[in-house]
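Structure file start-v5.tsv (TSV, C-alpha atoms and all ligand atoms) follows.
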chain	number	residue	atom	x	y	z
M	77	MET	CA	0.00	0.00	0.00
M	78	SER	CA	1.49	3.34	-0.92
M	79	PRO	CA	1.44	6.19	1.59
M	80	ALA	CA	-1.09	7.99	-0.60
M	81	GLN	CA	-3.55	5.14	-0.01
M	82	PHE	CA	-2.67	4.72	3.63
M	83	PRO	CA	-5.13	6.46	5.93
M	84	LEU	CA	-3.88	9.35	8.01
M	85	ALA	CA	-5.03	9.88	11.54
M	86	SER	CA	-8.26	11.83	11.39
M	87	PRO	CA	-7.88	15.54	12.15
M	88	SER	CA	-11.05	15.22	14.21
M	89	VAL	CA	-9.19	12.98	16.67
M	90	ARG	CA	-7.54	14.89	19.50
M	91	PRO	CA	-3.81	14.68	18.87
M	92	ARG	CA	-1.52	12.45	20.88
M	93	VAL	CA	2.10	13.47	20.60
M	94	ARG	CA	5.25	12.31	22.30
M	95	PHE	CA	8.66	13.52	23.31
M	96	ALA	CA	11.01	10.55	23.32
M	97	PRO	CA	14.51	11.40	24.53
M	98	SER	CA	17.31	8.88	25.00
M	99	PRO	CA	18.91	9.24	28.43
M	100	THR	CA	22.37	8.98	26.94
M	101	GLY	CA	22.96	12.71	27.37
M	102	TYR	CA	21.52	15.84	28.93
M	103	LEU	CA	18.37	17.60	27.83
M	104	HIS	CA	19.98	20.08	25.45
M	105	VAL	CA	18.61	23.03	23.49
M	106	GLY	CA	17.47	20.98	20.47
M	107	GLY	CA	15.68	18.38	22.59
M	108	ALA	CA	14.05	21.04	24.73
M	109	ARG	CA	12.70	22.79	21.62
M	110	THR	CA	11.29	19.49	20.31
M	111	ALA	CA	9.63	18.89	23.67
M	112	LEU	CA	8.23	22.45	23.71
M	113	PHE	CA	6.79	22.23	20.18
M	114	ASN	CA	5.09	18.92	20.99
M	115	TRP	CA	3.76	20.36	24.23
M	116	LEU	CA	2.45	23.52	22.51
M	117	PHE	CA	0.80	21.39	19.84
M	118	ALA	CA	-0.89	19.18	22.44
M	119	ARG	CA	-2.02	22.13	24.55
M	120	HIS	CA	-3.26	24.14	21.56
M	121	PHE	CA	-5.41	21.28	20.26
M	122	GLU	CA	-6.38	19.95	23.71
M	123	GLY	CA	-4.52	16.77	23.01
M	124	THR	CA	-2.23	14.56	25.05
M	125	PHE	CA	1.50	15.04	25.54
M	126	ILE	CA	3.32	11.79	26.31
M	127	LEU	CA	6.85	11.39	27.66
M	128	ARG	CA	8.70	8.25	26.64
M	129	ILE	CA	12.24	7.47	27.73
M	130	GLU	CA	14.10	5.54	25.02
M	131	ASP	CA	16.55	3.75	27.29
M	132	THR	CA	17.24	0.63	25.23
M	133	ASP	CA	20.91	1.55	24.84
M	134	LEU	CA	21.80	-0.08	28.16
M	135	GLU	CA	25.48	0.78	27.99
M	136	ARG	CA	24.97	4.52	27.52
M	137	SER	CA	21.67	5.18	29.34
M	138	THR	CA	21.86	6.24	32.97
M	139	THR	CA	19.29	7.00	35.63
M	140	GLU	CA	21.17	10.24	36.29
M	141	MET	CA	20.44	11.37	32.74
M	142	VAL	CA	16.76	10.37	33.11
M	143	GLU	CA	16.57	12.52	36.24
M	144	GLY	CA	18.26	15.39	34.40
M	145	ILE	CA	15.74	15.22	31.53
M	146	LEU	CA	12.76	15.18	33.92
M	147	GLN	CA	14.22	18.08	35.92
M	148	GLY	CA	14.89	20.09	32.77
M	149	MET	CA	11.31	19.63	31.57
M	150	GLN	CA	9.91	20.50	34.97
M	151	TRP	CA	12.06	23.63	35.14
M	152	LEU	CA	10.77	24.68	31.72
M	153	GLY	CA	7.18	24.01	32.78
M	154	ILE	CA	6.68	21.38	30.08
M	155	SER	CA	4.28	19.05	31.85
M	156	TRP	CA	3.41	15.64	30.46
M	157	ASP	CA	-0.01	13.97	30.61
M	158	GLU	CA	1.14	10.35	30.28
M	159	GLY	CA	4.33	8.56	31.17
M	160	PRO	CA	7.16	8.54	31.50
M	161	TYR	CA	7.08	5.21	29.70
M	162	TYR	CA	10.40	3.37	29.72
M	163	GLN	CA	11.24	1.28	26.69
M	164	THR	CA	13.23	-1.19	28.76
M	165	GLN	CA	9.94	-2.11	30.47
M	166	ARG	CA	8.13	-2.72	27.19
M	167	THR	CA	10.26	-5.32	25.40
M	168	ASP	CA	7.41	-7.87	25.24
M	169	LEU	CA	5.53	-5.43	23.01
M	170	TYR	CA	8.46	-5.21	20.59
M	171	ARG	CA	9.04	-8.97	20.47
M	172	THR	CA	5.35	-9.57	19.80
M	173	ALA	CA	5.49	-7.07	16.93
M	174	ALA	CA	8.55	-8.85	15.48
M	175	GLU	CA	6.72	-12.20	15.74
M	176	ARG	CA	3.78	-10.78	13.82
M	177	LEU	CA	6.10	-9.49	11.10
M	178	ILE	CA	7.78	-12.90	10.73
M	179	GLN	CA	4.42	-14.65	10.55
M	180	SER	CA	3.18	-12.30	7.85
M	181	GLY	CA	6.38	-12.67	5.83
M	182	ALA	CA	7.37	-9.01	6.32
M	183	ALA	CA	10.44	-10.06	8.32
M	184	TYR	CA	12.81	-13.03	8.40
M	185	TYR	CA	15.42	-14.71	10.57
M	186	CYS	CA	19.03	-13.83	9.79
M	187	PHE	CA	21.71	-16.31	10.89
M	188	CYS	CA	24.68	-14.32	9.65
M	189	THR	CA	27.34	-13.93	12.31
M	190	ARG	CA	29.00	-10.66	13.14
M	191	GLU	CA	32.13	-11.97	11.41
M	192	ASP	CA	30.14	-12.82	8.24
M	193	LEU	CA	28.68	-9.32	8.14
M	194	GLU	CA	32.00	-7.59	8.79
M	195	ARG	CA	33.75	-9.63	6.09
M	196	ARG	CA	31.05	-8.73	3.54
M	197	ARG	CA	31.11	-5.08	4.55
M	198	ALA	CA	34.88	-4.93	4.07
M	199	LYS	CA	34.53	-6.63	0.68
M	200	ALA	CA	31.84	-4.15	-0.40
M	201	ALA	CA	34.01	-1.23	0.72
M	202	ALA	CA	36.99	-2.63	-1.18
M	203	GLU	CA	34.84	-2.91	-4.32
M	204	GLY	CA	33.40	0.56	-3.85
M	205	ARG	CA	29.85	-0.69	-3.13
M	206	PRO	CA	27.64	0.64	-0.29
M	207	PRO	CA	27.87	-1.56	2.82
M	208	LYS	CA	24.32	-2.85	2.54
M	209	TYR	CA	23.10	-6.25	3.80
M	210	GLU	CA	22.87	-8.45	0.74
M	211	GLY	CA	19.77	-10.37	1.75
M	212	THR	CA	21.56	-13.70	2.17
M	213	CYS	CA	19.07	-15.09	4.69
M	214	ARG	CA	16.05	-13.62	2.93
M	215	LYS	CA	16.40	-16.47	0.45
M	216	LEU	CA	16.09	-19.18	3.14
M	217	ASP	CA	12.95	-21.29	3.24
M	218	PRO	CA	10.90	-19.89	6.19
M	219	ALA	CA	10.14	-23.40	7.51
M	220	GLU	CA	13.83	-24.30	7.46
M	221	ALA	CA	14.72	-20.97	9.14
M	222	LEU	CA	12.14	-21.61	11.86
M	223	ARG	CA	13.59	-25.12	12.40
M	224	ARG	CA	17.09	-23.71	12.82
M	225	LYS	CA	15.88	-20.98	15.16
M	226	SER	CA	13.87	-23.50	17.22
M	227	ALA	CA	16.96	-25.72	17.44
M	228	GLY	CA	18.69	-22.88	19.26
M	229	GLU	CA	20.77	-21.33	16.49
M	230	PRO	CA	21.26	-17.58	17.23
M	231	ALA	CA	19.29	-15.43	14.81
M	232	ALA	CA	18.48	-11.78	14.38
M	233	VAL	CA	15.20	-10.67	12.79
M	234	ARG	CA	15.40	-8.45	9.73
M	235	PHE	CA	12.70	-6.48	7.94
M	236	ALA	CA	12.21	-7.40	4.29
M	237	ILE	CA	12.25	-4.13	2.36
M	238	PRO	CA	9.92	-4.35	-0.68
M	239	GLU	CA	11.85	-4.97	-3.89
M	240	GLY	CA	11.72	-2.03	-6.27
M	241	GLY	CA	9.54	1.04	-5.98
M	242	SER	CA	9.86	3.75	-3.42
M	243	THR	CA	8.59	4.77	-0.02
M	244	SER	CA	7.35	8.28	0.56
M	245	PHE	CA	5.50	10.36	3.12
M	246	ASN	CA	4.07	13.85	3.20
M	247	ASP	CA	5.96	15.74	5.84
M	248	ALA	CA	4.01	18.62	7.42
M	249	VAL	CA	7.12	20.82	7.24
M	250	PHE	CA	9.22	19.51	4.34
M	251	GLY	CA	6.46	18.35	1.99
M	252	LYS	CA	6.73	15.10	0.03
M	253	VAL	CA	9.83	13.08	0.94
M	254	GLU	CA	10.64	9.99	-1.10
M	255	PHE	CA	13.30	7.28	-0.88
M	256	ALA	CA	13.99	4.52	-3.41
M	257	ASN	CA	13.50	1.15	-1.71
M	258	ALA	CA	16.69	-0.09	-3.38
M	259	GLU	CA	18.61	2.32	-1.13
M	260	ILE	CA	17.12	0.94	2.07
M	261	GLU	CA	18.76	-2.02	3.74
M	262	ASP	CA	16.88	-5.00	5.20
M	263	PHE	CA	17.39	-3.53	8.67
M	264	VAL	CA	17.52	-5.46	11.93
M	265	LEU	CA	14.42	-5.45	14.15
M	266	LEU	CA	15.61	-7.82	16.88
M	267	ARG	CA	19.25	-8.59	17.54
M	268	SER	CA	20.33	-12.20	18.04
M	269	ASP	CA	20.09	-11.67	21.82
M	270	SER	CA	16.41	-10.73	21.08
M	271	SER	CA	16.91	-7.11	22.14
M	272	PRO	CA	14.89	-4.69	19.98
M	273	THR	CA	16.47	-2.05	17.76
M	274	TYR	CA	15.49	1.59	17.59
M	275	HIS	CA	13.10	1.40	14.62
M	276	LEU	CA	11.08	-1.51	15.94
M	277	SER	CA	10.67	-0.12	19.44
M	278	VAL	CA	9.75	3.36	18.19
M	279	VAL	CA	7.07	2.15	15.79
M	280	ALA	CA	5.63	-0.48	18.14
M	281	ASP	CA	5.42	2.18	20.86
M	282	ASP	CA	3.94	4.84	18.60
M	283	ILE	CA	1.25	2.37	17.51
M	284	ASP	CA	0.58	1.18	21.06
M	285	LEU	CA	0.42	4.75	22.41
M	286	LYS	CA	-1.82	5.81	19.49
M	287	ILE	CA	0.47	8.67	18.49
M	288	THR	CA	-1.21	10.83	15.83
M	289	ASP	CA	1.53	13.36	15.06
M	290	ILE	CA	5.29	12.85	15.26
M	291	ILE	CA	7.11	16.16	15.71
M	292	ARG	CA	10.87	15.68	15.91
M	293	GLY	CA	14.18	16.92	14.55
M	294	ALA	CA	14.97	16.77	10.86
M	295	ASP	CA	17.83	14.38	11.61
M	296	HIS	CA	15.10	11.72	11.78
M	297	ILE	CA	13.96	12.17	8.17
M	298	SER	CA	16.27	9.38	6.98
M	299	ASN	CA	14.75	7.02	9.59
M	300	THR	CA	11.20	7.72	8.50
M	301	PRO	CA	10.91	5.51	5.37
M	302	LYS	CA	11.84	2.47	7.45
M	303	GLN	CA	9.27	3.46	10.03
M	304	VAL	CA	6.58	4.08	7.38
M	305	LEU	CA	7.23	0.59	6.00
M	306	LEU	CA	6.97	-0.87	9.51
M	307	TYR	CA	3.66	0.92	10.09
M	308	GLN	CA	2.32	-0.44	6.83
M	309	ALA	CA	3.52	-3.97	7.57
M	310	LEU	CA	2.00	-3.94	11.05
M	311	ALA	CA	-1.09	-2.18	9.66
M	312	LEU	CA	-2.59	-1.75	13.09
M	313	ALA	CA	-2.99	1.98	12.98
M	314	PRO	CA	-3.25	4.85	10.55
M	315	LEU	CA	0.05	6.43	9.56
M	316	PRO	CA	0.78	9.38	11.87
M	317	VAL	CA	1.54	12.81	10.48
M	318	PHE	CA	5.28	13.41	10.42
M	319	ALA	CA	6.57	16.94	11.04
M	320	HIS	CA	10.35	17.26	10.98
M	321	VAL	CA	11.64	20.46	12.49
M	322	PRO	CA	14.81	21.95	10.95
M	323	LEU	CA	17.82	21.42	13.18
M	324	ILE	CA	19.23	24.23	15.27
M	325	LEU	CA	22.53	25.29	13.76
M	326	GLY	CA	25.51	27.09	15.19
M	327	PRO	CA	26.80	30.32	13.64
M	328	ASP	CA	29.05	28.21	11.39
M	329	LYS	CA	25.95	26.45	9.96
M	330	THR	CA	26.85	23.12	11.50
M	331	ARG	CA	24.61	21.31	13.94
M	332	LEU	CA	24.56	22.96	17.34
M	333	SER	CA	26.87	21.10	19.69
M	334	LYS	CA	29.12	21.47	22.70
M	335	ARG	CA	31.60	23.10	20.36
M	336	HIS	CA	29.27	26.10	20.19
M	337	GLY	CA	28.92	26.26	23.95
M	338	ALA	CA	25.59	24.41	23.96
M	339	THR	CA	25.10	22.57	27.21
M	340	SER	CA	22.27	21.11	29.22
M	341	VAL	CA	19.13	23.11	29.79
M	342	MET	CA	19.88	23.06	33.51
M	343	ALA	CA	23.16	24.87	32.89
M	344	TYR	CA	21.13	27.86	31.67
M	345	ARG	CA	19.15	27.78	34.91
M	346	ASP	CA	22.42	27.76	36.83
M	347	GLU	CA	23.51	30.83	34.88
M	348	GLY	CA	20.46	32.68	36.14
M	349	ILE	CA	18.26	32.48	33.02
M	350	VAL	CA	14.58	32.38	33.99
M	351	PRO	CA	12.48	29.57	32.47
M	352	GLU	CA	10.00	31.99	30.86
M	353	ALA	CA	12.81	33.63	28.88
M	354	PHE	CA	14.25	30.28	27.88
M	355	ARG	CA	10.85	28.99	26.71
M	356	ASN	CA	10.34	32.18	24.76
M	357	PHE	CA	13.74	31.78	23.16
M	358	LEU	CA	13.07	28.13	22.24
M	359	ALA	CA	9.66	28.95	20.79
M	360	LEU	CA	11.20	31.52	18.48
M	361	LEU	CA	13.78	29.04	17.16
M	362	GLY	CA	11.98	27.88	14.06
M	363	TRP	CA	8.70	29.64	14.60
M	364	THR	CA	7.71	33.25	13.97
M	365	PRO	CA	4.67	34.69	15.68
M	366	PRO	CA	2.19	36.54	13.44
M	367	GLU	CA	3.49	39.86	14.70
M	368	ALA	CA	7.18	39.34	14.95
M	369	THR	CA	7.88	41.49	17.93
M	370	PRO	CA	9.31	40.02	21.10
M	371	ASP	CA	6.34	41.26	23.12
M	372	SER	CA	3.77	39.45	21.01
M	373	ILE	CA	4.85	36.04	22.15
M	374	GLY	CA	4.91	37.03	25.78
M	375	SER	CA	6.76	35.16	28.41
M	376	THR	CA	4.18	33.13	30.23
M	377	LEU	CA	2.33	29.91	29.49
M	378	ASN	CA	-0.95	31.82	29.54
M	379	THR	CA	0.27	34.06	26.78
M	380	PHE	CA	1.38	31.06	24.79
M	381	ALA	CA	-2.10	29.66	25.09
M	382	ARG	CA	-3.62	32.84	23.65
M	383	ILE	CA	-1.36	32.98	20.60
M	384	PRO	CA	-3.05	31.79	17.40
M	385	LEU	CA	-0.41	29.15	16.83
M	386	SER	CA	-2.38	27.78	13.93
M	387	ALA	CA	-1.75	30.94	11.97
M	388	CYS	CA	1.90	30.38	11.32
M	389	CYS	CA	3.67	27.08	11.30
M	390	PRO	CA	2.24	24.11	9.41
M	391	LEU	CA	3.23	21.68	12.11
M	392	LEU	CA	1.05	23.64	14.51
M	393	ARG	CA	-1.81	23.85	12.01
M	394	ARG	CA	-4.16	20.98	12.50
M	395	ASN	CA	-5.65	21.14	9.02
M	396	GLY	CA	-2.11	21.02	7.68
M	397	ARG	CA	-2.25	17.29	8.32
M	398	LYS	CA	-3.82	16.66	4.96
M	399	ARG	CA	-1.51	18.91	3.03
M	400	ALA	CA	-0.20	16.76	0.20
M	401	SER	CA	1.34	19.26	-2.13
M	402	SER	CA	4.95	18.70	-3.01
M	403	ARG	CA	7.11	21.37	-1.48
M	404	PRO	CA	10.82	21.99	-1.86
M	405	ALA	CA	12.84	20.88	1.13
M	406	ALA	CA	13.80	23.35	3.84
M	407	THR	CA	11.24	26.00	2.98
M	408	PRO	CA	8.76	25.59	5.81
M	409	ASN	CA	5.55	27.38	5.07
M	410	GLY	CA	5.56	30.50	7.17
M	411	CYS	CA	8.26	29.20	9.48
M	412	SER	CA	11.59	30.87	9.76
M	413	GLN	CA	14.50	29.17	8.09
M	414	PRO	CA	16.75	26.86	10.10
M	415	SER	CA	17.81	29.02	12.95
M	416	THR	CA	21.19	30.06	14.11
M	417	PHE	CA	21.98	30.28	17.77
M	418	SER	CA	24.57	31.97	19.86
M	419	ASN	CA	24.85	32.77	23.51
M	420	LEU	CA	24.65	36.43	22.55
M	421	VAL	CA	21.12	35.86	21.29
M	422	LEU	CA	20.13	34.20	24.51
M	423	GLU	CA	21.74	36.78	26.74
M	424	ALA	CA	20.44	39.82	24.85
R	1	ZN	ZN	21.73	-13.25	7.28
Show this structure as structure tokens.
Amino acid sequence: MSPAQFPLASPSVRPRVRFAPSPTGYLHVGGARTALFNWLFARHFEGTFILRIEDTDLERSTTEMVEGILQGMQWLGISWDEGPYYQTQRTDLYRTAAERLIQSGAAYYCFCTREDLERRRAKAAAEGRPPKYEGTCRKLDPAEALRRKSAGEPAAVRFAIPEGGSTSFNDAVFGKVEFANAEIEDFVLLRSDSSPTYHLSVVADDIDLKITDIIRGADHISNTPKQVLLYQALALAPLPVFAHVPLILGPDKTRLSKRHGATSVMAYRDEGIVPEAFRNFLALLGWTPPEATPDSIGSTLNTFARIPLSACCPLLRRNGRKRASSRPAATPNGCSQPSTFSNLVLEA
């Protein structure tokens, strides 16, 4: 089923959005803006704002970082209605989803060892080919694969990308985005230790939590075709609306990082910045109020609530959900261009 035929969540349904940080680092400026935009969207349309902690990277996730994220959100006044849900407590959901995909033929067992994969990757690199999984185990007879798996042979689960064609979605900010399926690898859903990968857990959670609109950073655009294909294969829910927000860039036009002096949200508190000013600053990164004067956005939550958010940015415009026109990338309708950031701006 192509995305054009796939039903979108009905605009009449109250939106359910999520902020889903990984506790592998602090809540930084980019994450805080994503959280704020989701929160504004939920509050404006009387929807539900869900907090989900994506802590499946056991080696890098820490409870200290979880605490820091929660504190940062509380300091900013970004309150959540559901959660926090922790992905490490939801692995049964992901394994069940993988089972369904195997049963329907949308996924298959892969018995390739790490050494096999590394050897093939090195060979591809030496021959100047992209390091893409070649589909070796996709050719196995499913009954034989199941027998091997049942006999205890370690196996990952891979998604079978459709052969030929393309996968596209209508992004509420970037317009139509399309990827050739030939460029997408048969990606892993469950590792051989049966731990879920990012794409599987995100889509299984978004379906389970009935997420209607996914507002996140534009660095996720390349993940989206895989997730659209997973939605379609699981076919349990309408495709959500995707709205990818341009990344916050440093003055040198590279992604904002520690190099630019960007630190945790709490570091700004420690410097004496008040949360109202910080929220105001975040809101104006990628969004322009109808009257572009600093006073028009105000500095309190009440003022935010009175602003006709729907007037400006397509991701905050509920009827924008159905917008299907093709639009050149990086020209958000009515939004400011990808923003630059410096401490001078914040301190002014
Ligand atoms: Zn394999």
**Q.** Distance query M:Ala118 at most 9 Å, all atoms listed in the file, self and fewer than 4 positions along chain excluded, as a ChimeraX atom specification
**A.** /M:90-93,113-114,122-125
Proximity of chain M to ligand ZN 1 (chain R): per-residue shortest pair, 6 Å limit, only C-alpha atoms and all ligand atoms, as a tab-separated table:
residue	atom	partner	partner_atom	distance
M:Cys186	CA	R:ZN1	ZN	3.7
M:Phe187	CA	R:ZN1	ZN	4.7
M:Cys188	CA	R:ZN1	ZN	3.9
M:Thr212	CA	R:ZN1	ZN	5.1
M:Cys213	CA	R:ZN1	ZN	4.1
Q.
Considering only C-alpha atoms, can you say which of M:Ala227, M:Leu127, M:Leu112, M:Ala232 comes closest to M:Leu285?
A.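 Checking each of M:Ala227, M:Leu127, M:Leu112, M:Ala232 against M:Leu285, counting only C-alpha atoms, the winner is M:Leu127.
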Q | Closest of M:Glu254, M:Lys208, M:Trp115, M:Tyr184 to M:Ala231 - atom-to-atom distances counting all atoms listed in the file | A |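 Closest candidate: M:Tyr184.
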Q) Using all atoms listed in the file, which of M:Gln308, M:Ser98, M:Ser155, M:Ser226 sits nearest M:Phe245? A)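 Of the candidates, the smallest distance to M:Phe245 is held by M:Gln308.
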Q) atom CA of M:Leu103 to atom CA of M:Ala248: how many Å, to one decimal? A) 25.0 Å
Q) Which polymer residues have any atom within 7 Å of an atom of M:Ile290, counting only C-alpha atoms, with same-chain residues fewer than 6 positions away left out, as number ranges by chain? A) M: 93, 316-319
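Summary of the local environment: counting all atoms listed in the file, residues at most 12 Å from M:Arg214, other than itself and those fewer than 2 positions away along its chain, are Ile178, Gly181, Ala182, Ala183, Tyr184, Tyr185, Cys186, Phe187, Cys188, Tyr209, Glu210, Gly211, Thr212, Leu216, Asp217, Pro218, Glu220, Ala221, Ala232, Val233, Arg234, Phe235, Ala236, Ile237, Pro238, Glu239, Glu261, Asp262 and Phe263 of chain M.
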**Q.** Shell around stretch 140-146 of chain M at 12 Å using all atoms listed in the file, local window under 5 positions removed, as a PyMOL selection string
**A.** chain M and resi 95-105+107-108+111+127-131+151-156+159-162+340-343
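Going from atom CA of M:Leu193 to atom CA of M:Thr167 covers 25.6 Å.
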Q | Selection: 8 Å around M:Arg171, all atoms listed in the file, excl. self and same-chain fewer than 3 positions, as a ChimeraX atom specification | A | /M:167-168,174-175,266,270,272
Q | atom CA of M:Ala256 to atom CA of M:Asp133, distance in Å rounded to a single decimal | A |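 Atom-to-atom, atom CA of M:Ala256 to atom CA of M:Asp133, that is 29.2 Å.
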Q. Given the choices M:Arg94, M:Arg109, M:His296, M:Lys199, which gets closest to M:Leu361 if the distance is worked out from all atoms listed in the file?
A.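 Smallest separation from M:Leu361 among the options: M:Arg109.
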Please complete stretch 343-365 of chain M with N, CA and C atoms and give it back as a PDB file, in the frame of the given file.
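Result file selection.pdb:
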ATOM      1  N   ALA M 343      22.020  23.959  32.779  1.00  0.00           N
ATOM      2  CA  ALA M 343      23.160  24.870  32.890  1.00  0.00           C
ATOM      3  C   ALA M 343      22.710  26.319  32.689  1.00  0.00           C
ATOM      4  N   TYR M 344      21.661  26.503  31.871  1.00  0.00           N
ATOM      5  CA  TYR M 344      21.130  27.860  31.670  1.00  0.00           C
ATOM      6  C   TYR M 344      20.443  28.341  32.946  1.00  0.00           C
ATOM      7  N   ARG M 345      19.751  27.416  33.614  1.00  0.00           N
ATOM      8  CA  ARG M 345      19.150  27.780  34.910  1.00  0.00           C
ATOM      9  C   ARG M 345      20.243  28.232  35.875  1.00  0.00           C
ATOM     10  N   ASP M 346      21.332  27.446  35.895  1.00  0.00           N
ATOM     11  CA  ASP M 346      22.420  27.760  36.830  1.00  0.00           C
ATOM     12  C   ASP M 346      23.076  29.097  36.501  1.00  0.00           C
ATOM     13  N   GLU M 347      22.955  29.526  35.258  1.00  0.00           N
ATOM     14  CA  GLU M 347      23.510  30.830  34.880  1.00  0.00           C
ATOM     15  C   GLU M 347      22.570  31.980  35.226  1.00  0.00           C
ATOM     16  N   GLY M 348      21.384  31.633  35.716  1.00  0.00           N
ATOM     17  CA  GLY M 348      20.460  32.680  36.140  1.00  0.00           C
ATOM     18  C   GLY M 348      19.384  33.014  35.120  1.00  0.00           C
ATOM     19  N   ILE M 349      19.318  32.243  34.017  1.00  0.00           N
ATOM     20  CA  ILE M 349      18.260  32.480  33.020  1.00  0.00           C
ATOM     21  C   ILE M 349      16.924  32.027  33.639  1.00  0.00           C
ATOM     22  N   VAL M 350      15.882  32.789  33.445  1.00  0.00           N
ATOM     23  CA  VAL M 350      14.580  32.380  33.990  1.00  0.00           C
ATOM     24  C   VAL M 350      13.877  31.490  32.955  1.00  0.00           C
ATOM     25  N   PRO M 351      13.082  30.526  33.422  1.00  0.00           N
ATOM     26  CA  PRO M 351      12.480  29.570  32.470  1.00  0.00           C
ATOM     27  C   PRO M 351      11.587  30.239  31.433  1.00  0.00           C
ATOM     28  N   GLU M 352      10.892  31.314  31.822  1.00  0.00           N
ATOM     29  CA  GLU M 352      10.000  31.990  30.860  1.00  0.00           C
ATOM     30  C   GLU M 352      10.811  32.506  29.669  1.00  0.00           C
ATOM     31  N   ALA M 353      11.977  33.087  29.961  1.00  0.00           N
ATOM     32  CA  ALA M 353      12.810  33.630  28.880  1.00  0.00           C
ATOM     33  C   ALA M 353      13.337  32.505  28.009  1.00  0.00           C
ATOM     34  N   PHE M 354      13.689  31.396  28.642  1.00  0.00           N
ATOM     35  CA  PHE M 354      14.250  30.280  27.880  1.00  0.00           C
ATOM     36  C   PHE M 354      13.177  29.651  26.981  1.00  0.00           C
ATOM     37  N   ARG M 355      11.969  29.513  27.509  1.00  0.00           N
ATOM     38  CA  ARG M 355      10.850  28.990  26.710  1.00  0.00           C
ATOM     39  C   ARG M 355      10.590  29.905  25.521  1.00  0.00           C
ATOM     40  N   ASN M 356      10.580  31.195  25.799  1.00  0.00           N
ATOM     41  CA  ASN M 356      10.340  32.180  24.760  1.00  0.00           C
ATOM     42  C   ASN M 356      11.397  32.056  23.658  1.00  0.00           C
ATOM     43  N   PHE M 357      12.621  31.932  24.094  1.00  0.00           N
ATOM     44  CA  PHE M 357      13.740  31.780  23.160  1.00  0.00           C
ATOM     45  C   PHE M 357      13.578  30.514  22.319  1.00  0.00           C
ATOM     46  N   LEU M 358      13.233  29.400  22.967  1.00  0.00           N
ATOM     47  CA  LEU M 358      13.070  28.130  22.240  1.00  0.00           C
ATOM     48  C   LEU M 358      11.931  28.213  21.236  1.00  0.00           C
ATOM     49  N   ALA M 359      10.835  28.868  21.668  1.00  0.00           N
ATOM     50  CA  ALA M 359       9.660  28.950  20.790  1.00  0.00           C
ATOM     51  C   ALA M 359       9.980  29.714  19.518  1.00  0.00           C
ATOM     52  N   LEU M 360      10.871  30.693  19.638  1.00  0.00           N
ATOM     53  CA  LEU M 360      11.200  31.520  18.480  1.00  0.00           C
ATOM     54  C   LEU M 360      12.280  30.896  17.594  1.00  0.00           C
ATOM     55  N   LEU M 361      12.811  29.758  17.997  1.00  0.00           N
ATOM     56  CA  LEU M 361      13.780  29.040  17.160  1.00  0.00           C
ATOM     57  C   LEU M 361      13.003  28.162  16.190  1.00  0.00           C
ATOM     58  N   GLY M 362      12.710  28.687  15.037  1.00  0.00           N
ATOM     59  CA  GLY M 362      11.980  27.880  14.060  1.00  0.00           C
ATOM     60  C   GLY M 362      10.515  28.226  13.984  1.00  0.00           C
ATOM     61  N   TRP M 363      10.104  29.226  14.665  1.00  0.00           N
ATOM     62  CA  TRP M 363       8.700  29.640  14.600  1.00  0.00           C
ATOM     63  C   TRP M 363       8.654  31.148  14.737  1.00  0.00           C
ATOM     64  N   THR M 364       7.841  31.794  13.905  1.00  0.00           N
ATOM     65  CA  THR M 364       7.710  33.250  13.970  1.00  0.00           C
ATOM     66  C   THR M 364       6.273  33.590  14.316  1.00  0.00           C
ATOM     67  N   PRO M 365       6.052  34.326  15.367  1.00  0.00           N
ATOM     68  CA  PRO M 365       4.670  34.690  15.680  1.00  0.00           C
ATOM     69  C   PRO M 365       4.120  35.631  14.614  1.00  0.00           C
TER      70      PRO M 365
END
